[in-house]
Structures are given as structure tokens and as C-alpha cells.
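Shown next: start_36.txt, containing compact mmCIF, N, CA and C atoms.
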# COMPACT_ATOMS: atom_id res chain seq x y z
N MET H 9 70.42 124.42 92.11
CA MET H 9 70.39 123.46 91.02
C MET H 9 70.99 124.12 89.77
N ILE H 10 71.72 123.33 89.01
CA ILE H 10 72.36 123.83 87.81
C ILE H 10 71.50 123.51 86.61
N ALA H 11 71.31 124.49 85.75
CA ALA H 11 70.50 124.28 84.55
C ALA H 11 71.20 123.31 83.61
N GLU H 12 70.44 122.40 83.01
CA GLU H 12 70.99 121.44 82.08
C GLU H 12 71.68 122.17 80.94
N GLY H 13 72.88 121.73 80.62
CA GLY H 13 73.64 122.35 79.54
C GLY H 13 74.47 123.54 79.97
N ASP H 14 74.45 123.90 81.26
CA ASP H 14 75.21 125.04 81.76
C ASP H 14 76.63 124.57 82.10
N THR H 15 77.39 124.25 81.06
CA THR H 15 78.72 123.67 81.22
C THR H 15 79.66 124.58 82.00
N ALA H 16 79.63 125.87 81.76
CA ALA H 16 80.54 126.79 82.44
C ALA H 16 80.31 126.77 83.95
N SER H 17 79.06 126.77 84.38
CA SER H 17 78.75 126.75 85.81
C SER H 17 79.17 125.44 86.46
N VAL H 18 78.93 124.34 85.76
CA VAL H 18 79.31 123.03 86.30
C VAL H 18 80.83 122.93 86.40
N LEU H 19 81.54 123.40 85.39
CA LEU H 19 83.00 123.37 85.42
C LEU H 19 83.52 124.23 86.57
N GLU H 20 82.93 125.39 86.78
CA GLU H 20 83.35 126.25 87.89
C GLU H 20 83.07 125.57 89.23
N LEU H 21 81.92 124.94 89.37
CA LEU H 21 81.58 124.22 90.60
C LEU H 21 82.55 123.07 90.84
N MET H 22 82.93 122.38 89.78
CA MET H 22 83.91 121.30 89.89
C MET H 22 85.23 121.82 90.44
N LYS H 23 85.72 122.93 89.87
CA LYS H 23 86.99 123.51 90.32
C LYS H 23 86.90 123.99 91.76
N VAL H 24 85.78 124.62 92.14
CA VAL H 24 85.61 125.09 93.51
C VAL H 24 85.59 123.92 94.48
N THR H 25 84.88 122.87 94.13
CA THR H 25 84.81 121.67 94.98
C THR H 25 86.19 121.11 95.24
N MET H 26 86.97 120.93 94.18
CA MET H 26 88.31 120.37 94.32
C MET H 26 89.20 121.30 95.16
N THR H 27 89.14 122.60 94.89
CA THR H 27 89.97 123.56 95.60
C THR H 27 89.62 123.63 97.08
N GLU H 28 88.33 123.66 97.40
CA GLU H 28 87.92 123.75 98.81
C GLU H 28 88.34 122.52 99.60
N ILE H 29 88.15 121.36 99.04
CA ILE H 29 88.56 120.14 99.75
C ILE H 29 90.08 120.10 99.89
N ASP H 30 90.79 120.40 98.80
CA ASP H 30 92.26 120.40 98.86
C ASP H 30 92.78 121.38 99.90
N GLY H 31 92.10 122.51 100.07
CA GLY H 31 92.52 123.51 101.03
C GLY H 31 92.35 123.08 102.48
N ALA H 32 91.56 122.06 102.72
CA ALA H 32 91.29 121.59 104.08
C ALA H 32 91.99 120.27 104.41
N LEU H 33 92.79 119.75 103.51
CA LEU H 33 93.40 118.43 103.72
C LEU H 33 94.28 118.36 104.96
N GLU H 34 94.98 119.45 105.29
CA GLU H 34 95.87 119.44 106.45
C GLU H 34 95.13 119.19 107.76
N GLN H 35 93.84 119.49 107.82
CA GLN H 35 93.05 119.28 109.03
C GLN H 35 92.39 117.90 109.05
N MET H 36 92.64 117.08 108.05
CA MET H 36 92.00 115.78 107.95
C MET H 36 92.97 114.65 108.30
N GLU H 37 92.39 113.50 108.66
CA GLU H 37 93.18 112.30 108.88
C GLU H 37 93.64 111.78 107.53
N ARG H 38 94.92 111.44 107.45
CA ARG H 38 95.49 110.93 106.19
C ARG H 38 95.93 109.48 106.39
N ARG H 39 95.59 108.64 105.43
CA ARG H 39 96.03 107.25 105.43
C ARG H 39 96.69 106.95 104.09
N ASP H 40 97.83 106.26 104.14
CA ASP H 40 98.57 105.89 102.94
C ASP H 40 98.80 104.39 102.92
N THR H 41 98.87 103.83 101.73
CA THR H 41 99.23 102.43 101.58
C THR H 41 99.86 102.21 100.21
N LEU H 42 100.64 101.16 100.11
CA LEU H 42 101.24 100.74 98.84
C LEU H 42 100.66 99.39 98.47
N LEU H 43 100.31 99.23 97.21
CA LEU H 43 99.82 97.94 96.72
C LEU H 43 100.98 97.17 96.10
N ALA H 44 100.86 95.87 96.07
CA ALA H 44 101.89 95.05 95.44
C ALA H 44 102.00 95.43 93.96
N PRO H 45 103.22 95.42 93.43
CA PRO H 45 103.39 95.76 92.01
C PRO H 45 102.65 94.78 91.10
N GLU H 46 102.18 95.30 89.99
CA GLU H 46 101.53 94.47 88.97
C GLU H 46 102.43 94.43 87.75
N GLY H 47 102.83 93.25 87.32
CA GLY H 47 103.71 93.13 86.17
C GLY H 47 105.02 93.85 86.39
N ASN H 48 105.41 94.68 85.43
CA ASN H 48 106.66 95.43 85.55
C ASN H 48 106.45 96.82 86.13
N ALA H 49 105.24 97.12 86.61
CA ALA H 49 104.94 98.45 87.17
C ALA H 49 105.47 98.57 88.59
N GLU H 50 105.75 99.78 88.98
CA GLU H 50 106.11 100.07 90.37
C GLU H 50 104.88 99.87 91.26
N PRO H 51 105.08 99.77 92.57
CA PRO H 51 103.93 99.66 93.47
C PRO H 51 103.04 100.91 93.34
N ARG H 52 101.75 100.70 93.40
CA ARG H 52 100.79 101.80 93.33
C ARG H 52 100.57 102.34 94.74
N ARG H 53 100.58 103.69 94.89
CA ARG H 53 100.35 104.33 96.19
C ARG H 53 98.92 104.86 96.22
N LEU H 54 98.24 104.59 97.32
CA LEU H 54 96.90 105.12 97.55
C LEU H 54 96.94 105.99 98.80
N THR H 55 96.32 107.15 98.73
CA THR H 55 96.21 108.05 99.87
C THR H 55 94.76 108.50 99.98
N VAL H 56 94.21 108.38 101.18
CA VAL H 56 92.85 108.84 101.42
C VAL H 56 92.89 109.82 102.59
N TRP H 57 92.09 110.88 102.47
CA TRP H 57 91.93 111.85 103.55
C TRP H 57 90.50 111.72 104.07
N LEU H 58 90.38 111.65 105.40
CA LEU H 58 89.06 111.46 106.02
C LEU H 58 88.75 112.59 106.99
N ARG H 59 87.49 112.94 107.03
CA ARG H 59 86.99 113.87 108.07
C ARG H 59 85.90 113.11 108.81
N ASP H 60 86.11 112.92 110.11
CA ASP H 60 85.17 112.16 110.94
C ASP H 60 84.92 110.77 110.37
N GLY H 61 85.97 110.14 109.85
CA GLY H 61 85.86 108.79 109.32
C GLY H 61 85.28 108.69 107.92
N VAL H 62 84.95 109.83 107.31
CA VAL H 62 84.32 109.85 105.99
C VAL H 62 85.34 110.35 104.96
N PRO H 63 85.57 109.60 103.88
CA PRO H 63 86.52 110.05 102.85
C PRO H 63 86.10 111.37 102.22
N ARG H 64 87.09 112.23 102.04
CA ARG H 64 86.88 113.51 101.36
C ARG H 64 87.70 113.58 100.08
N LYS H 65 88.86 112.88 100.07
CA LYS H 65 89.68 112.83 98.86
C LYS H 65 90.46 111.52 98.83
N LEU H 66 90.64 111.01 97.62
CA LEU H 66 91.43 109.80 97.39
C LEU H 66 92.36 110.09 96.23
N VAL H 67 93.63 109.74 96.37
CA VAL H 67 94.61 109.90 95.29
C VAL H 67 95.25 108.54 95.05
N VAL H 68 95.32 108.15 93.78
CA VAL H 68 95.88 106.87 93.37
C VAL H 68 96.93 107.13 92.30
N THR H 69 98.13 106.62 92.51
CA THR H 69 99.15 106.79 91.47
C THR H 69 98.83 105.89 90.28
N GLU H 70 99.23 106.36 89.11
CA GLU H 70 98.96 105.64 87.85
C GLU H 70 100.27 105.45 87.09
N PRO H 71 100.45 104.29 86.47
CA PRO H 71 101.70 104.03 85.75
C PRO H 71 101.71 104.69 84.37
N ASN H 72 102.92 105.05 83.95
CA ASN H 72 103.09 105.48 82.56
C ASN H 72 103.35 104.22 81.73
N GLU H 73 103.71 104.39 80.47
CA GLU H 73 103.89 103.25 79.57
C GLU H 73 104.98 102.29 80.04
N SER H 74 105.99 102.79 80.76
CA SER H 74 107.09 101.93 81.21
C SER H 74 106.85 101.37 82.61
N GLY H 75 105.71 101.69 83.23
CA GLY H 75 105.39 101.14 84.54
C GLY H 75 105.76 102.03 85.71
N ALA H 76 106.39 103.18 85.43
CA ALA H 76 106.73 104.12 86.51
C ALA H 76 105.47 104.87 86.94
N MET H 77 105.28 105.00 88.24
CA MET H 77 104.08 105.67 88.78
C MET H 77 104.30 107.19 88.76
N THR H 78 104.13 107.77 87.59
CA THR H 78 104.40 109.20 87.40
C THR H 78 103.13 110.03 87.29
N GLN H 79 101.97 109.39 87.29
CA GLN H 79 100.71 110.11 87.12
C GLN H 79 99.80 109.82 88.31
N GLU H 80 98.72 110.59 88.43
CA GLU H 80 97.78 110.39 89.53
C GLU H 80 96.34 110.52 89.04
N SER H 81 95.47 109.79 89.73
CA SER H 81 94.03 109.98 89.60
C SER H 81 93.55 110.46 90.96
N SER H 82 92.70 111.48 90.96
CA SER H 82 92.18 112.03 92.21
C SER H 82 90.66 111.97 92.20
N PHE H 83 90.10 111.69 93.38
CA PHE H 83 88.66 111.56 93.56
C PHE H 83 88.27 112.40 94.78
N TRP H 84 87.27 113.27 94.63
CA TRP H 84 86.79 114.12 95.72
C TRP H 84 85.37 113.70 96.09
N PHE H 85 85.08 113.75 97.39
CA PHE H 85 83.78 113.31 97.90
C PHE H 85 83.10 114.43 98.66
N VAL H 86 81.79 114.58 98.45
CA VAL H 86 80.98 115.58 99.15
C VAL H 86 79.69 114.88 99.58
N ALA H 87 79.29 115.13 100.83
CA ALA H 87 78.04 114.55 101.34
C ALA H 87 77.98 113.05 101.10
N GLU H 88 79.10 112.39 101.35
CA GLU H 88 79.22 110.94 101.24
C GLU H 88 78.94 110.40 99.84
N GLU H 89 79.22 111.22 98.82
CA GLU H 89 79.08 110.82 97.42
C GLU H 89 80.33 111.20 96.65
N LEU H 90 80.64 110.42 95.61
CA LEU H 90 81.70 110.79 94.69
C LEU H 90 81.23 112.04 93.94
N ARG H 91 82.03 113.11 94.00
CA ARG H 91 81.61 114.37 93.39
C ARG H 91 82.47 114.76 92.20
N ALA H 92 83.79 114.59 92.31
CA ALA H 92 84.68 115.00 91.21
C ALA H 92 85.79 113.97 91.04
N VAL H 93 86.21 113.82 89.78
CA VAL H 93 87.27 112.89 89.43
C VAL H 93 88.18 113.60 88.44
N LEU H 94 89.48 113.47 88.65
CA LEU H 94 90.45 113.97 87.68
C LEU H 94 91.51 112.91 87.50
N ARG H 95 91.52 112.32 86.29
CA ARG H 95 92.50 111.29 85.94
C ARG H 95 93.42 111.88 84.88
N PRO H 96 94.51 111.21 84.55
CA PRO H 96 95.44 111.77 83.56
C PRO H 96 94.78 112.12 82.22
N THR H 97 93.77 111.38 81.80
CA THR H 97 93.18 111.62 80.48
C THR H 97 91.76 112.16 80.51
N ASP H 98 91.13 112.20 81.68
CA ASP H 98 89.75 112.69 81.72
C ASP H 98 89.36 113.16 83.11
N GLY H 99 88.24 113.86 83.19
CA GLY H 99 87.72 114.34 84.46
C GLY H 99 86.21 114.29 84.43
N PHE H 100 85.61 114.29 85.62
CA PHE H 100 84.16 114.17 85.74
C PHE H 100 83.67 114.96 86.94
N PHE H 101 82.48 115.50 86.82
CA PHE H 101 81.78 116.08 87.96
C PHE H 101 80.46 115.35 88.06
N LEU H 102 80.17 114.82 89.23
CA LEU H 102 78.99 113.99 89.43
C LEU H 102 78.09 114.57 90.50
N GLU H 103 76.83 114.24 90.41
CA GLU H 103 75.86 114.56 91.46
C GLU H 103 74.90 113.38 91.53
N GLY H 104 74.77 112.78 92.72
CA GLY H 104 73.91 111.62 92.85
C GLY H 104 74.33 110.46 91.98
N ASP H 105 75.66 110.24 91.85
CA ASP H 105 76.24 109.17 91.02
C ASP H 105 75.97 109.36 89.53
N ARG H 106 75.54 110.54 89.11
CA ARG H 106 75.28 110.82 87.69
C ARG H 106 76.28 111.85 87.18
N ILE H 107 76.90 111.57 86.05
CA ILE H 107 77.87 112.50 85.47
C ILE H 107 77.14 113.73 84.94
N LEU H 108 77.52 114.89 85.47
CA LEU H 108 76.99 116.16 84.96
C LEU H 108 77.93 116.79 83.94
N LEU H 109 79.24 116.47 84.09
CA LEU H 109 80.23 117.06 83.19
C LEU H 109 81.34 116.04 82.97
N TRP H 110 81.74 115.90 81.70
CA TRP H 110 82.83 115.02 81.30
C TRP H 110 83.86 115.91 80.64
N THR H 111 85.12 115.85 81.08
CA THR H 111 86.18 116.69 80.51
C THR H 111 87.36 115.82 80.11
N ASP H 112 88.32 116.46 79.43
CA ASP H 112 89.59 115.79 79.22
C ASP H 112 90.45 116.03 80.47
N GLY H 113 91.68 115.58 80.46
CA GLY H 113 92.55 115.72 81.62
C GLY H 113 92.92 117.16 81.96
N ALA H 114 92.70 118.07 81.02
CA ALA H 114 92.99 119.49 81.25
C ALA H 114 91.72 120.27 81.62
N LEU H 115 90.63 119.55 81.91
CA LEU H 115 89.33 120.13 82.29
C LEU H 115 88.65 120.89 81.16
N THR H 116 88.93 120.49 79.93
CA THR H 116 88.20 121.02 78.78
C THR H 116 87.02 120.09 78.51
N PRO H 117 85.78 120.61 78.52
CA PRO H 117 84.63 119.74 78.31
C PRO H 117 84.72 118.97 76.99
N VAL H 118 84.32 117.70 77.04
CA VAL H 118 84.29 116.89 75.83
C VAL H 118 82.87 116.91 75.28
N PRO H 119 82.72 116.59 73.99
CA PRO H 119 81.38 116.59 73.40
C PRO H 119 80.44 115.67 74.18
N GLU H 120 79.18 115.99 74.12
CA GLU H 120 78.15 115.22 74.84
C GLU H 120 78.21 113.76 74.42
N MET H 121 78.12 112.88 75.41
CA MET H 121 78.13 111.44 75.15
C MET H 121 76.69 110.93 75.16
N ASP H 122 76.47 109.82 74.45
CA ASP H 122 75.13 109.22 74.49
C ASP H 122 74.89 108.64 75.87
N SER H 123 73.63 108.42 76.21
CA SER H 123 73.27 108.01 77.56
C SER H 123 73.87 106.65 77.94
N ARG H 124 73.99 105.73 77.01
CA ARG H 124 74.57 104.41 77.32
C ARG H 124 76.04 104.56 77.71
N THR H 125 76.79 105.36 76.94
CA THR H 125 78.21 105.60 77.25
C THR H 125 78.34 106.26 78.60
N ARG H 126 77.50 107.26 78.87
CA ARG H 126 77.54 107.97 80.15
C ARG H 126 77.25 107.02 81.30
N MET H 127 76.21 106.20 81.18
CA MET H 127 75.86 105.26 82.26
C MET H 127 76.96 104.23 82.48
N ASP H 128 77.57 103.75 81.40
CA ASP H 128 78.68 102.80 81.53
C ASP H 128 79.85 103.44 82.27
N GLN H 129 80.15 104.71 81.93
CA GLN H 129 81.25 105.41 82.58
C GLN H 129 80.93 105.67 84.06
N GLU H 130 79.69 106.02 84.37
CA GLU H 130 79.29 106.21 85.77
C GLU H 130 79.54 104.95 86.58
N GLN H 131 79.13 103.81 86.04
CA GLN H 131 79.31 102.54 86.76
C GLN H 131 80.78 102.20 86.90
N GLN H 132 81.56 102.45 85.85
CA GLN H 132 83.00 102.18 85.90
C GLN H 132 83.67 103.02 86.99
N LEU H 133 83.31 104.30 87.06
CA LEU H 133 83.89 105.18 88.09
C LEU H 133 83.54 104.69 89.49
N LEU H 134 82.27 104.35 89.71
CA LEU H 134 81.85 103.89 91.03
C LEU H 134 82.53 102.59 91.41
N ASP H 135 82.66 101.67 90.46
CA ASP H 135 83.35 100.41 90.72
C ASP H 135 84.82 100.65 91.05
N GLU H 136 85.45 101.55 90.30
CA GLU H 136 86.86 101.86 90.53
C GLU H 136 87.07 102.42 91.93
N VAL H 137 86.25 103.39 92.31
CA VAL H 137 86.38 104.01 93.63
C VAL H 137 86.09 102.99 94.74
N GLU H 138 85.06 102.16 94.55
CA GLU H 138 84.76 101.12 95.55
C GLU H 138 85.98 100.23 95.77
N GLY H 139 86.63 99.84 94.68
CA GLY H 139 87.82 98.99 94.80
C GLY H 139 88.94 99.65 95.57
N TRP H 140 89.22 100.91 95.25
CA TRP H 140 90.30 101.62 95.95
C TRP H 140 89.95 101.83 97.43
N LEU H 141 88.73 102.25 97.72
CA LEU H 141 88.34 102.48 99.12
C LEU H 141 88.35 101.19 99.93
N SER H 142 88.03 100.06 99.30
CA SER H 142 88.00 98.79 100.03
C SER H 142 89.38 98.42 100.57
N VAL H 143 90.44 98.92 99.94
CA VAL H 143 91.80 98.69 100.43
C VAL H 143 91.95 99.25 101.85
N PHE H 144 91.21 100.32 102.13
CA PHE H 144 91.25 100.95 103.46
C PHE H 144 90.13 100.46 104.37
N GLY H 145 89.35 99.47 103.90
CA GLY H 145 88.23 98.97 104.69
C GLY H 145 87.04 99.91 104.67
N LEU H 146 86.93 100.72 103.61
CA LEU H 146 85.83 101.68 103.48
C LEU H 146 84.96 101.30 102.28
N ALA H 147 83.72 101.75 102.32
CA ALA H 147 82.79 101.52 101.20
C ALA H 147 82.23 102.85 100.75
N LEU H 148 82.02 103.00 99.44
CA LEU H 148 81.53 104.26 98.87
C LEU H 148 80.14 104.62 99.34
N GLN H 149 79.20 103.70 99.27
CA GLN H 149 77.80 104.05 99.51
C GLN H 149 77.52 104.54 100.91
N SER H 150 78.07 103.90 101.92
CA SER H 150 77.73 104.31 103.28
C SER H 150 78.91 104.84 104.07
N PHE H 151 80.11 104.67 103.54
CA PHE H 151 81.33 105.06 104.22
C PHE H 151 81.45 104.46 105.61
N VAL H 152 80.91 103.29 105.80
CA VAL H 152 81.11 102.60 107.06
C VAL H 152 82.23 101.59 106.87
N PRO H 153 83.07 101.40 107.88
CA PRO H 153 84.14 100.42 107.74
C PRO H 153 83.58 99.05 107.42
N ARG H 154 84.26 98.33 106.56
CA ARG H 154 83.82 96.97 106.19
C ARG H 154 84.24 95.98 107.23

Spit out the file's structure as C-alpha cells when you get a sec.
Amino acid sequence: MIAEGDTASVLELMKVTMTEIDGALEQMERRDTLLAPEGNAEPRRLTVWLRDGVPRKLVVTEPNESGAMTQESSFWFVAEELRAVLRPTDGFFLEGDRILLWTDGALTPVPEMDSRTRMDQEQQLLDEVEGWLSVFGLALQSFVPR
């Protein structure tokens, strides 16, 4: 268990989690799909890596201001839970669907947020991941095909 306020340890655990999963991707099943373009944006690409049918990583391309898909958001899963998120402007480390660490896109911790903001962000992240996984017929909570 990590002591509350131990930002350095949580940040290190976040980096280790991402690195360990990324290092094992070649041994996992990979699925890719393209979504229909929205407005003037290019099609969004989604890639999920599964081990034994359970998602371990999800990557979603993100548009820049002109609609080109030049950025990515990545989501890592451990023990059938969303564990780490890295988007172009922010990052998160979660345990039990609760944000333990909030960073900017360069993994620099941001000042502590009030509990309402944190809870809203937790729900937004879970909803976002549920939406992306549903494209593959997967669900976040149980990882059983829909």
C-alpha cells in the first residue's frame, strides 16, 4: 500500500506499470479498428492489446487543432481495472477506480484537486474507456464480451 501523499512512489509505480505492460505487448493479441471521421478530423484509430481476452492496453489517436490524428491517449489495465492513463495534456494513476495521482502530459504532478473535481474526472475517465472498449465488444467492469 502506498502512503497518502507519497507522490514520488506513486509516480514511479505509474511508470513501472506502463513500462512492464508495454514490454509484453508483442506476446498479446492485438486488435485495431478505425472509426468514421468526425467533422473535418481524420478517422480515429483504436488499438487494444489483450491477454487471455482481457484488455491490458488501449491506444486511441487524438486530433490536433486541424483534425489530423497526430496525438495519442493511452490506457493501461491491471487486474481487470483501469490503472494508468496518459493523454496529450494529462495523466492519471488509479487504484480501484480512484485517482491516486494526477499529472500533466509530461508526468509532472499537478496540484491537489478538490474531491468533487477528482470524482468528476474519475467518472469521465471510466466513461471514456467504456466507450472505446465497447467498439471492440468489451466492457471495463468485467471484461466480458458484450

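Residues near the point (87.8, 113.0, 94.7), at a distance of 5 Å or less over only N, CA and C atoms, make up Lys65, Leu66, Ser82, Phe83, Trp84, Phe85 and Ala92 of chain H.
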
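Pairwise distance (atom CA of Thr15 of chain H, atom CA of Glu88 of chain H) equals 23.7 Å.
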
Within 8 Å of Gly99 of chain H, counting all atoms listed in the file, which residues show up once you throw out same-chain ones fewer than 5 positions away? Write them as a PyMOL selection string, please. chain H and resi 92-94+109-116

Store the residues picked out above in a file with N, CA and C atoms, as a PDB file, in the frame of the given file.
ATOM      1  N   ALA H  92      83.790 114.590  92.310  1.00  0.00           N
ATOM      2  CA  ALA H  92      84.680 115.000  91.210  1.00  0.00           C
ATOM      3  C   ALA H  92      85.790 113.970  91.040  1.00  0.00           C
ATOM      4  N   VAL H  93      86.210 113.820  89.780  1.00  0.00           N
ATOM      5  CA  VAL H  93      87.270 112.890  89.430  1.00  0.00           C
ATOM      6  C   VAL H  93      88.180 113.600  88.440  1.00  0.00           C
ATOM      7  N   LEU H  94      89.480 113.470  88.650  1.00  0.00           N
ATOM      8  CA  LEU H  94      90.450 113.970  87.680  1.00  0.00           C
ATOM      9  C   LEU H  94      91.510 112.910  87.500  1.00  0.00           C
ATOM     10  N   LEU H 109      79.240 116.470  84.090  1.00  0.00           N
ATOM     11  CA  LEU H 109      80.230 117.060  83.190  1.00  0.00           C
ATOM     12  C   LEU H 109      81.340 116.040  82.970  1.00  0.00           C
ATOM     13  N   TRP H 110      81.740 115.900  81.700  1.00  0.00           N
ATOM     14  CA  TRP H 110      82.830 115.020  81.300  1.00  0.00           C
ATOM     15  C   TRP H 110      83.860 115.910  80.640  1.00  0.00           C
ATOM     16  N   THR H 111      85.120 115.850  81.080  1.00  0.00           N
ATOM     17  CA  THR H 111      86.180 116.690  80.510  1.00  0.00           C
ATOM     18  C   THR H 111      87.360 115.820  80.110  1.00  0.00           C
ATOM     19  N   ASP H 112      88.320 116.460  79.430  1.00  0.00           N
ATOM     20  CA  ASP H 112      89.590 115.790  79.220  1.00  0.00           C
ATOM     21  C   ASP H 112      90.450 116.030  80.470  1.00  0.00           C
ATOM     22  N   GLY H 113      91.680 115.580  80.460  1.00  0.00           N
ATOM     23  CA  GLY H 113      92.550 115.720  81.620  1.00  0.00           C
ATOM     24  C   GLY H 113      92.920 117.160  81.960  1.00  0.00           C
ATOM     25  N   ALA H 114      92.700 118.070  81.020  1.00  0.00           N
ATOM     26  CA  ALA H 114      92.990 119.490  81.250  1.00  0.00           C
ATOM     27  C   ALA H 114      91.720 120.270  81.620  1.00  0.00           C
ATOM     28  N   LEU H 115      90.630 119.550  81.910  1.00  0.00           N
ATOM     29  CA  LEU H 115      89.330 120.130  82.290  1.00  0.00           C
ATOM     30  C   LEU H 115      88.650 120.890  81.160  1.00  0.00           C
ATOM     31  N   THR H 116      88.930 120.490  79.930  1.00  0.00           N
ATOM     32  CA  THR H 116      88.200 121.020  78.780  1.00  0.00           C
ATOM     33  C   THR H 116      87.020 120.090  78.510  1.00  0.00           C
TER      34      THR H 116
END

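For the pair atom CA of Asp105 of chain H and atom CA of Glu37 of chain H, the separation is 24.8 Å.
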
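The gap separating atom CA of Ser81 of chain H from atom N of Leu58 of chain H is 16.3 Å, in Å to one decimal.
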
Just list as a VMD selection string whatever in segment 20-133 of chain H DSSP marks as strand (DSSP E or B). chain H and resid 37 to 42 53 to 59 62 to 71 77 to 86 89 to 94 98 to 103 106 to 112 117

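Distance check against Trp140 of chain H using only C-alpha atoms: of H:Pro51, H:Leu90, H:Thr25, H:Val56, the minimum falls on H:Val56.
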
Taking 6 positions as the minimum chain separation for residues in the same chain, which residues sit within 7 Å of segment 52-54 of chain H when counting all atoms listed in the file? Answer as a ChimeraX atom specification. /H:39-46,66-70,77

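Distance annotation: of H:Val118, H:Gln35, H:Glu50, H:Asp14, the residue with the minimal separation from Pro71 of chain H is H:Glu50; atom set is all atoms listed in the file.
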
DSSP helix (DSSP H, G or I) residues within chain H, listed as a PyMOL selection string: chain H and resi 15-31+33-35+123-142

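Shortest atom-to-atom contact with Leu21 of chain H among H:Glu103, H:Asp60, H:Glu73, H:Glu89: H:Glu103, counting only C-alpha atoms.
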
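Among the candidates H:Val18, H:Val24, H:Val62, H:Leu134, the residue lying nearest to Arg38 of chain H is H:Val62 (atoms considered: only C-alpha atoms).
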
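For the residues H:Ile107, H:Leu146, H:Ile29, H:Leu141, ranking by smallest atom-to-atom distance to Met127 of chain H using all atoms listed in the file places H:Ile107 first.
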
Between H:Thr97, H:Asn48, H:Trp57, H:Leu108, which residue has the minimum interatomic distance to Leu19 of chain H, considering only C-alpha atoms? H:Leu108

Test item: write segment 68-119 of chain H with C-alpha atoms as an mmCIF file, in the first residue's frame:
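Listing of result12.cif after writing:
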data_model
loop_
_atom_site.group_PDB
_atom_site.id
_atom_site.type_symbol
_atom_site.label_atom_id
_atom_site.label_comp_id
_atom_site.auth_asym_id
_atom_site.auth_seq_id
_atom_site.Cartn_x
_atom_site.Cartn_y
_atom_site.Cartn_z
ATOM 1 C CA VAL H 68 -6.653 5.979 -29.161
ATOM 2 C CA THR H 69 -5.458 8.568 -31.657
ATOM 3 C CA GLU H 70 -6.398 12.173 -30.895
ATOM 4 C CA PRO H 71 -6.826 15.058 -33.350
ATOM 5 C CA ASN H 72 -4.801 18.234 -33.301
ATOM 6 C CA GLU H 73 -6.431 21.616 -33.959
ATOM 7 C CA SER H 74 -6.624 20.960 -37.729
ATOM 8 C CA GLY H 75 -8.151 17.484 -37.324
ATOM 9 C CA ALA H 76 -5.010 15.460 -38.088
ATOM 10 C CA MET H 77 -4.623 12.446 -35.782
ATOM 11 C CA THR H 78 -1.136 13.341 -34.552
ATOM 12 C CA GLN H 79 -1.574 12.632 -30.833
ATOM 13 C CA GLU H 80 -2.473 9.599 -28.717
ATOM 14 C CA SER H 81 -4.181 8.727 -25.469
ATOM 15 C CA SER H 82 -3.068 5.501 -23.815
ATOM 16 C CA PHE H 83 -4.821 3.457 -21.132
ATOM 17 C CA TRP H 84 -3.215 0.589 -19.170
ATOM 18 C CA PHE H 85 -5.157 -2.086 -17.287
ATOM 19 C CA VAL H 86 -4.095 -4.259 -14.330
ATOM 20 C CA ALA H 87 -6.208 -6.892 -12.576
ATOM 21 C CA GLU H 88 -9.166 -6.002 -14.800
ATOM 22 C CA GLU H 89 -9.110 -2.340 -13.704
ATOM 23 C CA LEU H 90 -8.058 0.892 -15.367
ATOM 24 C CA ARG H 91 -4.676 1.600 -13.773
ATOM 25 C CA ALA H 92 -2.883 4.313 -15.773
ATOM 26 C CA VAL H 93 -3.842 6.927 -18.349
ATOM 27 C CA LEU H 94 -1.610 9.184 -20.407
ATOM 28 C CA ARG H 95 -3.291 11.711 -22.687
ATOM 29 C CA PRO H 96 -1.677 14.610 -24.564
ATOM 30 C CA THR H 97 -2.443 17.078 -21.754
ATOM 31 C CA ASP H 98 -2.716 14.947 -18.613
ATOM 32 C CA GLY H 99 -2.046 11.608 -16.966
ATOM 33 C CA PHE H 100 -3.528 9.586 -14.121
ATOM 34 C CA PHE H 101 -2.708 6.624 -11.931
ATOM 35 C CA LEU H 102 -5.728 4.872 -10.468
ATOM 36 C CA GLU H 103 -6.417 2.121 -7.984
ATOM 37 C CA GLY H 104 -9.930 0.752 -7.541
ATOM 38 C CA ASP H 105 -11.290 3.404 -9.967
ATOM 39 C CA ARG H 106 -9.904 6.150 -7.677
ATOM 40 C CA ILE H 107 -7.296 8.643 -8.895
ATOM 41 C CA LEU H 108 -4.156 8.400 -6.762
ATOM 42 C CA LEU H 109 -2.077 10.719 -8.947
ATOM 43 C CA TRP H 110 -2.956 13.427 -11.471
ATOM 44 C CA THR H 111 -0.174 14.713 -13.751
ATOM 45 C CA ASP H 112 0.259 16.872 -16.800
ATOM 46 C CA GLY H 113 1.104 15.242 -20.140
ATOM 47 C CA ALA H 114 4.802 15.157 -19.209
ATOM 48 C CA LEU H 115 4.049 13.232 -15.959
ATOM 49 C CA THR H 116 4.682 16.219 -13.710
ATOM 50 C CA PRO H 117 2.251 16.037 -10.763
ATOM 51 C CA VAL H 118 -0.393 18.756 -10.733
ATOM 52 C CA PRO H 119 -1.560 20.472 -7.549
#
